[in-house]
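The structure appears right after this line, and notes come after that.
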Amino acid sequence: MKPMKFGMGQAVRRVEDQRFITGSGHYATDYRPDGVTYAAFVRSPHAHATFAIRNVEAVRALKGVLLVLTPEDVAGLNPIPCQAILKNSDGSSMVRTPYAALAQGEVRHVGDTVAMVVAKSLAQAKDAAEALEIDWKAMPAAVGIKAAMKKGAPAVWAEVTGNIALDSHIGDKAKTDAAFARADRVVKLTIVNNRLVANYMEPRVCTAEYDTAKKRYTLTLGSQGSHGIRDTLAKILGEKSENIRVVTPDVGGGFGNKAFMYREYPLLAVAARKLKKPVTWTQERSEHFLTCAQGRDNIATAEMALSSSGRFLAMRVDLLADFGAYLSQYAPYIPFLGGTMTTGVYDIPAAHFRVRGIYTHTVPVDAYRGAGRPEAAYLIERLVDAIALETGRTPDRIRSINYIRPGRMPYATPVGRTYDSGDFEGVMRRAMEVSDWSGFRKRAAASKKRGRLRGIGLATYIEACGGGGAEPAYVALEKDGSITIRIGSQSNGQGHETAYAQLASQHLDLPLSKIRVLQGDTNQTPTGSGTGGSRSIPVGGAAVDVAAARLAENLRKIAADELESAPSDLEIADGRVRVAGTDRAIDFAGIARSRKATAELLNTTGSFAPPEATYPNGTHVCEVEIDPDTGSTQVLSYVIVDDFGVTLNPLLLAGQVHGGTIQGIGQALLENTVFTPEGQLLTASFMDYAMPRAADVPSLHFETRNVRCVTNSIGVKGAGEAGAIGSCPAVINAVVDALNRGFGIRHIDMPATPEKVFAAIRSAKAR
C-alpha cells in the first residue's frame, strides 16, 4: 500500500483541538435540559461510625426540596459490583463485601455517602443537605496498611478476618525458594508506592432523565466508556441494558478514574424516575478528593537472588495493597496485574509474587494511569539500582548483564507473560547517549562547587497493554462522500478523532476534515469496551483499520461497475476511485449514489481480538540537583527513548508520553495523599495536595527506537500509560544517586519532598 498523506506515521495536528481551544467543546456540564433539578449529597465526617438520620420529613418539607433519598429508600438497589473478584492462594474466593448506593447504617471512610437531596435549585439542595440531622456514633478506625494489619485492629468488615480481603500469588514458590537457597547473594528492598488522588481538569458530572412513556433512562456523564457504565448501571437498577441510554460527550481527562461506576449515577437515575424530571449533579473538587477512587498505595518487599557474576537467579515479592473501605470496580485485579509484570525486562528464571489486599477506613483505591504496571516497574527498577549499589556495578552494567536478549523473543516470563518483541539494551544505550551519561561526572563536580548534589538515574520499563477482548468498529460512507466512524472507545483528551481518522484515511485517502468519529452514545454504537489499558489504538485502531480496508474494497467493487473496469485496475486517491494511470474516476459521493451502492456495501464492520497484550518498553534518564540546605530537588534534564512498535502520529504520541511522564514526576517528588490516624483526609484540596506545575518540569527529550509488535495487526504497542510507568523509578534513582554521592543515603520513598529529603540528610549527618 502506498503511504497516504494523512495516514500512519504522519504528524497531523489534532482535528478536535479547534473546538477545544475556541471554547466550543461540549462537556457533560454543558447539558442542561428543560426543567432540570439539582442534587446534593450528604457525606460522612467520620472514617468509621454508625448513624441514624432524624429529621427526614422536616427536610422534605423545606422550600424547593423535591426529594430526599435515605439508605432505607434505596435498600432495594443491587450493590455496586466489583468486577474483579479473585481467588486466594488456597483456592477460596475472596469475600465479596457489599458496596451499597448509600451506606446502610455504618460508614467506612470520610466522605462515605449517606443521603441525597434534590431541589429546584442547587442552593436549596445544599441547604437541605446541611439541614439533615444525623446522629453519629464514631468508632475506632483502621487507617493505612500497617494499622489495619495490627493485631486487634478495628474491623472494616466484620466478615473479613484481619482486614485481609485477598491473599493470592503468582509464580512458582518452590522453584523460587530453591534458587534463593543456592544464591551467592541476596539483595532486599522495601518500598512504599504512595497513594495518589487522580486529578483531572473536569470533575465528574451526571444528568439523569427518565422517559415515563418508554420507561427508559438516559444518563449524560463524563466517562471512559458509555457501554460499561450502561451495563453496570443496569445491574444495580435491576433493569435490562436496552432500557438505559448513556451519553458521554467531550471528556476533560480520566486516567482510569472515570471508567468506574460511582454511587451518584444510580441515585440520580432513581431520582429522575421518581420525580419524572431531569436531575443533575456537578461534583465539587472537595467531593472528588473524598469520594473518587484513588490510586497506588502499596507497600512491597522485593528480594533478588544473585550469582557471583551478578546474574539474577530468582525474584521474590511480598506486596500489600490498600483497597480502601470498599472494593471498587477493578481494585483486586490492579496489584495482581502488576504482579504479572514484576520481573520487568530481565531474564529471571524463577519468581514468586504474593499479594495481599487490605481493607482500610479510607477512600477506595482502583486503577490509575498504568494500573499496577507503574507499581511493578518502580519496584523492580528500584531493586535493580539497589543491586548495583550492593554489588559495586554501574546501573547500566547490572542491567546489561540481565536483559532479555532480542534473540530470545518470544520470551515467556516466570509470572505468566509472553513478550513478543523488544531490544531493551539498544533502547537503554541510546537514552544514555542522548543524555550524555558519560559527561555526568563533570556536571556533578560543577554542582558540588556550588554546594549542590547532582544525581543521574535511569529506569528501563516494560508494560502490558492493548490486550483483552475483541473490539468492533463501524465505518460508513455517507451520501455526501464523507466517512463516519463509530466505535465504543472513549476519548478523554488523547486525540481519538485524529487517530481513528488517520487509520481510515490510510485506506480511503480523505482529508481528516471529511472523516467524522462518533463515540460515547450507546444509541449510536451497539457495543464497546471503552478506553482503558491503552487499548484504543492497538485494539480499537486495529478494528478501524479492518473496517476501513473493507469499505475501500467495497468502493472499488461499486466503482468497477460505474467505470466499467476490473476492481484490480482501480486505485483510491484523494477521495476518488480511478482507473490507475488514467483520469477516469468517480468520487465517493458518486459512489454513494450508485445503483450498486447497497447499505451492506456502504457500511462495514471491523473487529480485532488481540491474541496477546502489546509490550511497549523504553528507558527514562533523569538528572536532578538537590539543595542540601533546603532539601529541594530540581529536575534538570529528562530523556525518554521508547519502543512503541509503530508510530501512528508522532505529535499525539509525544503528547501522551509527556503527560504521563509529568504525572510520574509529580508522584515521585510532590503528590501524596495523607490521612490522620483517625481517617481525616489532610490533603483534601489543592491547598494541601501538591500537583506538578510547569516550573517543576524541564523540557523533555523524547524519541522512539521502535521494534514492530508482531501480535498486533497494525504493529503498534499501546502508549497512553507508558510515561507514567518509566518516570517514577528514573526520578527516584536520580535522587538516590545524588543523596548517596553526598551522604551515603541509599533509599528514600516517594514523594521525595523537600521536607523528606532534608530529614534524610540531617539524619545521615547525625550518623
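Chain labels A, B, ... are given in the sequence in which chains occur in the C-alpha cells; within each chain residues are numbered consecutively from 1, and ligands are likewise numbered from 1 in the order shown.
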- What residues in segment 30-78 of chain A get the DSSP label strand (DSSP E or B)? Please answer as a VMD selection string. chain A and resid 37 to 43 49 to 53 65 to 69
Preceding selection exported with all heavy atoms as a compact mmCIF listing (two decimals), in the first residue's frame:
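Output file part-v7.txt follows:
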```txt
# COMPACT_ATOMS: atom_id res chain seq x y z
N THR A 37 -33.51 19.68 37.66
CA THR A 37 -33.43 19.87 39.10
C THR A 37 -32.02 19.52 39.56
O THR A 37 -31.23 18.95 38.80
CB THR A 37 -34.46 19.00 39.83
OG1 THR A 37 -34.18 17.61 39.54
CG2 THR A 37 -35.88 19.32 39.37
N TYR A 38 -31.72 19.85 40.82
CA TYR A 38 -30.32 19.78 41.27
C TYR A 38 -30.18 18.88 42.49
O TYR A 38 -30.99 18.96 43.42
CB TYR A 38 -29.80 21.19 41.58
CG TYR A 38 -29.77 22.06 40.35
CD1 TYR A 38 -30.90 22.74 39.94
CD2 TYR A 38 -28.61 22.16 39.59
CE1 TYR A 38 -30.89 23.53 38.79
CE2 TYR A 38 -28.58 22.95 38.45
CZ TYR A 38 -29.72 23.62 38.05
OH TYR A 38 -29.70 24.37 36.91
N ALA A 39 -29.13 18.08 42.48
CA ALA A 39 -28.88 17.14 43.57
C ALA A 39 -27.69 17.58 44.40
O ALA A 39 -26.74 18.18 43.89
CB ALA A 39 -28.63 15.74 43.01
N ALA A 40 -27.75 17.26 45.68
CA ALA A 40 -26.62 17.43 46.59
C ALA A 40 -26.56 16.19 47.47
O ALA A 40 -27.60 15.57 47.76
CB ALA A 40 -26.78 18.69 47.43
N PHE A 41 -25.36 15.84 47.91
CA PHE A 41 -25.17 14.61 48.67
C PHE A 41 -24.66 14.91 50.07
O PHE A 41 -23.94 15.89 50.29
CB PHE A 41 -24.19 13.69 47.93
CG PHE A 41 -24.74 13.16 46.64
CD1 PHE A 41 -24.56 13.87 45.46
CD2 PHE A 41 -25.47 11.99 46.61
CE1 PHE A 41 -25.09 13.41 44.27
CE2 PHE A 41 -26.00 11.52 45.42
CZ PHE A 41 -25.82 12.22 44.25
N VAL A 42 -25.04 14.06 50.99
CA VAL A 42 -24.59 14.16 52.37
C VAL A 42 -23.49 13.13 52.58
O VAL A 42 -23.71 11.93 52.34
CB VAL A 42 -25.75 13.93 53.36
CG1 VAL A 42 -25.26 14.09 54.79
CG2 VAL A 42 -26.90 14.90 53.07
N ARG A 43 -22.33 13.60 53.01
CA ARG A 43 -21.15 12.73 53.17
C ARG A 43 -20.77 12.64 54.65
O ARG A 43 -20.95 13.58 55.41
CB ARG A 43 -19.97 13.29 52.39
CG ARG A 43 -20.29 13.86 51.01
CD ARG A 43 -20.46 12.82 49.95
NE ARG A 43 -20.57 13.42 48.61
CZ ARG A 43 -20.77 12.75 47.50
NH1 ARG A 43 -20.89 11.44 47.53
NH2 ARG A 43 -20.86 13.37 46.33
N ALA A 49 -18.22 4.96 61.64
CA ALA A 49 -19.29 5.33 62.57
C ALA A 49 -20.58 4.65 62.17
O ALA A 49 -20.78 4.28 61.01
CB ALA A 49 -19.49 6.85 62.58
N THR A 50 -21.46 4.48 63.14
CA THR A 50 -22.84 4.15 62.83
C THR A 50 -23.63 5.45 62.84
O THR A 50 -23.19 6.46 63.41
CB THR A 50 -23.43 3.17 63.86
OG1 THR A 50 -23.31 3.74 65.16
CG2 THR A 50 -22.69 1.83 63.82
N PHE A 51 -24.80 5.43 62.20
CA PHE A 51 -25.54 6.69 62.10
C PHE A 51 -27.04 6.43 61.95
O PHE A 51 -27.46 5.34 61.55
CB PHE A 51 -25.04 7.51 60.91
CG PHE A 51 -25.37 6.92 59.55
CD1 PHE A 51 -26.51 7.33 58.86
CD2 PHE A 51 -24.57 5.95 58.98
CE1 PHE A 51 -26.82 6.79 57.62
CE2 PHE A 51 -24.87 5.40 57.75
CZ PHE A 51 -26.00 5.82 57.06
N ALA A 52 -27.80 7.46 62.28
CA ALA A 52 -29.25 7.46 62.07
C ALA A 52 -29.66 8.88 61.70
O ALA A 52 -29.21 9.85 62.33
CB ALA A 52 -29.98 7.00 63.32
N ILE A 53 -30.50 9.02 60.68
CA ILE A 53 -30.98 10.33 60.23
C ILE A 53 -32.31 10.61 60.93
O ILE A 53 -33.24 9.80 60.87
CB ILE A 53 -31.14 10.36 58.71
CG1 ILE A 53 -29.83 9.97 58.03
CG2 ILE A 53 -31.58 11.75 58.24
CD1 ILE A 53 -29.91 9.82 56.53
N VAL A 65 -37.43 21.81 48.08
CA VAL A 65 -36.99 20.42 48.15
C VAL A 65 -38.01 19.52 47.44
O VAL A 65 -39.22 19.59 47.71
CB VAL A 65 -36.78 19.96 49.60
CG1 VAL A 65 -36.50 18.47 49.66
CG2 VAL A 65 -35.63 20.74 50.23
N LEU A 66 -37.51 18.68 46.56
CA LEU A 66 -38.38 17.80 45.79
C LEU A 66 -38.27 16.34 46.23
O LEU A 66 -39.22 15.57 46.08
CB LEU A 66 -38.03 17.90 44.30
CG LEU A 66 -38.14 19.29 43.68
CD1 LEU A 66 -37.58 19.29 42.27
CD2 LEU A 66 -39.60 19.74 43.67
N LEU A 67 -37.09 15.97 46.75
CA LEU A 67 -36.87 14.56 47.09
C LEU A 67 -35.72 14.45 48.07
O LEU A 67 -34.73 15.17 47.97
CB LEU A 67 -36.53 13.77 45.82
CG LEU A 67 -36.27 12.27 45.96
CD1 LEU A 67 -37.57 11.53 46.30
CD2 LEU A 67 -35.65 11.71 44.68
N VAL A 68 -35.87 13.55 49.04
CA VAL A 68 -34.77 13.16 49.92
C VAL A 68 -34.68 11.64 49.87
O VAL A 68 -35.68 10.95 50.12
CB VAL A 68 -35.00 13.63 51.38
CG1 VAL A 68 -33.84 13.13 52.26
CG2 VAL A 68 -35.11 15.13 51.46
N LEU A 69 -33.51 11.15 49.50
CA LEU A 69 -33.29 9.70 49.48
C LEU A 69 -32.38 9.32 50.64
O LEU A 69 -31.28 9.88 50.79
CB LEU A 69 -32.64 9.26 48.16
CG LEU A 69 -33.52 9.30 46.90
CD1 LEU A 69 -32.72 8.82 45.69
CD2 LEU A 69 -34.78 8.46 47.08
```
- Message: Can you tell me which residues surround Gly253 of chain A at a distance of at most 12 Å, considering only C-alpha atoms, apart from same-chain residues fewer than 4 positions away, and format the answer as a list in words?
- Response: Tyr27, Ala198, Asn199, Tyr200, Met201, Glu202, Pro203, Arg204, Gly222, Ser223, Gln224, Asn257, Lys258, Ala259, Tyr368, Arg369, Gln490, Ser491, Asn492, Gly493, Gln494, Gly495, Thr531 and Gly659 of chain A
- Message: When you look at segment 751-764 of chain A with a cut-off of 6 Å (counting only C-alpha atoms), what residues show up, excluding the ones that are within fewer than 6 positions of it in the same chain? I need them as a list in words.
- Response: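 In the requested format, the answer is Gly631, Ser632, Ala668, Leu669 and Leu670 of chain A.
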Preceding selection exported with C-alpha atoms as a CSV table (one decimal), in the first residue's frame:
```csv
chain,number,residue,atom,x,y,z
A,631,GLY,CA,16.0,19.5,50.6
A,632,SER,CA,14.5,20.9,47.3
A,668,ALA,CA,8.0,10.9,42.7
A,669,LEU,CA,8.5,14.4,44.1
A,670,LEU,CA,5.3,16.1,45.1
```
- Task: Might you pull out every residue within 12 Å of Glu242 of chain A, with only C-alpha atoms counted and same-chain residues fewer than 4 positions away left off, and present them as a ChimeraX atom specification?
- Result: /A:214-218,227,230-231,233-235,238,246,522-523,526-527
Suppose we keep N, CA and C atoms; can you now write the selection as a CSV table (one decimal), in the first residue's frame?
```csv
chain,number,residue,atom,x,y,z
A,214,LYS,N,-41.6,5.5,27.6
A,214,LYS,CA,-40.7,4.4,27.2
A,214,LYS,C,-40.1,3.6,28.3
A,215,LYS,N,-40.3,4.1,29.5
A,215,LYS,CA,-39.7,3.5,30.7
A,215,LYS,C,-38.2,3.3,30.5
A,216,ARG,N,-37.6,4.4,30.1
A,216,ARG,CA,-36.2,4.3,29.7
A,216,ARG,C,-35.4,5.5,30.3
A,217,TYR,N,-34.2,5.1,30.8
A,217,TYR,CA,-33.3,6.1,31.5
A,217,TYR,C,-32.3,6.6,30.4
A,218,THR,N,-32.0,7.9,30.6
A,218,THR,CA,-30.8,8.5,29.8
A,218,THR,C,-29.9,9.2,30.8
A,227,HIS,N,-20.8,2.2,27.3
A,227,HIS,CA,-21.4,0.9,27.4
A,227,HIS,C,-21.1,0.2,28.7
A,230,ARG,N,-23.4,1.8,31.2
A,230,ARG,CA,-24.7,1.4,31.0
A,230,ARG,C,-25.0,0.0,31.6
A,231,ASP,N,-24.1,-0.9,31.3
A,231,ASP,CA,-24.3,-2.3,31.7
A,231,ASP,C,-24.2,-2.5,33.2
A,233,LEU,N,-24.8,-0.1,35.4
A,233,LEU,CA,-25.9,0.6,35.9
A,233,LEU,C,-27.2,-0.3,35.8
A,234,ALA,N,-27.3,-1.0,34.8
A,234,ALA,CA,-28.4,-2.0,34.6
A,234,ALA,C,-28.4,-3.0,35.7
A,235,LYS,N,-27.3,-3.5,36.1
A,235,LYS,CA,-27.2,-4.5,37.2
A,235,LYS,C,-27.7,-3.9,38.5
A,238,GLY,N,-31.4,-3.2,38.3
A,238,GLY,CA,-32.2,-4.4,38.0
A,238,GLY,C,-33.0,-4.2,36.7
A,246,VAL,N,-26.7,5.7,27.7
A,246,VAL,CA,-25.7,6.6,28.4
A,246,VAL,C,-25.0,7.4,27.2
A,522,THR,N,-24.6,5.2,23.5
A,522,THR,CA,-25.0,3.8,23.4
A,522,THR,C,-26.1,3.6,22.3
A,523,ASN,N,-26.8,4.7,22.0
A,523,ASN,CA,-27.8,4.6,20.9
A,523,ASN,C,-27.2,4.5,19.5
A,526,PRO,N,-23.5,-0.1,18.9
A,526,PRO,CA,-24.1,-1.2,19.6
A,526,PRO,C,-23.3,-1.6,20.9
A,527,THR,N,-22.0,-1.6,20.8
A,527,THR,CA,-21.2,-2.1,21.9
A,527,THR,C,-19.9,-1.5,21.9
```
- segment 490-719 of chain A: which residues are helix (DSSP H, G or I) by DSSP, as number ranges by chain? A: 496-508, 512-514, 536-563, 567-569, 588-593, 599-602, 650-669, 694-696
- Task: Compile the contact shell of Tyr210 of chain A as a ChimeraX atom specification: residues with an atom at most 12 Å away, counting only C-alpha atoms, same-chain residues fewer than 3 positions apart removed.
- Result: /A:33,36,207,213-220,243-246,268-279
Could you turn the residues from that selection into a file that holds C-alpha atoms, as a compact mmCIF listing (two decimals), in the first residue's frame?
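And here's result-v5.txt as it stands now:
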```txt
# COMPACT_ATOMS: atom_id res chain seq x y z
CA PRO A 33 -32.32 20.01 29.79
CA VAL A 36 -33.66 20.30 35.33
CA THR A 207 -27.54 14.40 34.42
CA ALA A 213 -43.68 6.50 28.25
CA LYS A 214 -40.75 4.35 27.15
CA LYS A 215 -39.70 3.50 30.72
CA ARG A 216 -36.17 4.33 29.71
CA TYR A 217 -33.32 6.11 31.47
CA THR A 218 -30.84 8.48 29.84
CA LEU A 219 -27.68 9.50 31.66
CA THR A 220 -25.32 12.12 30.30
CA ASN A 243 -33.71 0.35 28.89
CA ILE A 244 -30.73 2.60 29.60
CA ARG A 245 -29.01 5.06 27.32
CA VAL A 246 -25.67 6.56 28.35
CA LEU A 268 -29.58 10.21 40.12
CA ALA A 269 -31.35 7.67 37.92
CA VAL A 270 -33.68 6.71 40.78
CA ALA A 271 -34.39 10.37 41.50
CA ALA A 272 -35.19 11.12 37.85
CA ARG A 273 -37.63 8.20 37.75
CA LYS A 274 -39.32 9.19 41.00
CA LEU A 275 -39.61 12.88 40.10
CA LYS A 276 -40.23 12.44 36.38
CA LYS A 277 -37.84 15.36 35.98
CA PRO A 278 -34.18 15.64 34.89
CA VAL A 279 -31.78 15.64 37.83
```
- Residue nearest Ile80 of chain A - candidates A:Thr232, A:Thr704, A:Ser307, A:Ser421, atoms counted: only C-alpha atoms: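 Counting only C-alpha atoms, the residue closest to Ile80 of chain A is A:Thr232.
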- List the neighbours of segment 309-322 of chain A out to 8 Å using only C-alpha atoms; skip same-chain residues closer than 5 positions along the sequence, and give me the result as a PyMOL selection string. chain A and resi 144-145+176+179-180+183+296-304+335+343+347-360+365+391+398+401-402
- Do you know which residues are at most 9 Å from Val707 of chain A counting only C-alpha atoms, after dropping those on the same chain fewer than 3 positions away, and could you put them as a count of residues only? 8
- Item | Selected residue, from A:Phe289, A:Glu703, A:Arg595, A:Ala61, that lies nearest to Asp561 of chain A when counting only C-alpha atoms |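 Among A:Phe289, A:Glu703, A:Arg595, A:Ala61, it is A:Arg595 that comes nearest to Asp561 of chain A.
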- Take atom CA of Phe608 of chain A and atom CA of Ala542 of chain A and report the distance between them in Å, one decimal.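 Distance reported for this atom pair: 6.0 Å.
Residue nearest Ala719 of chain A within the list A:Phe675, A:Tyr615, A:Tyr689, A:Phe588: A:Tyr615 [criterion: smallest interatomic distance, only C-alpha atoms].
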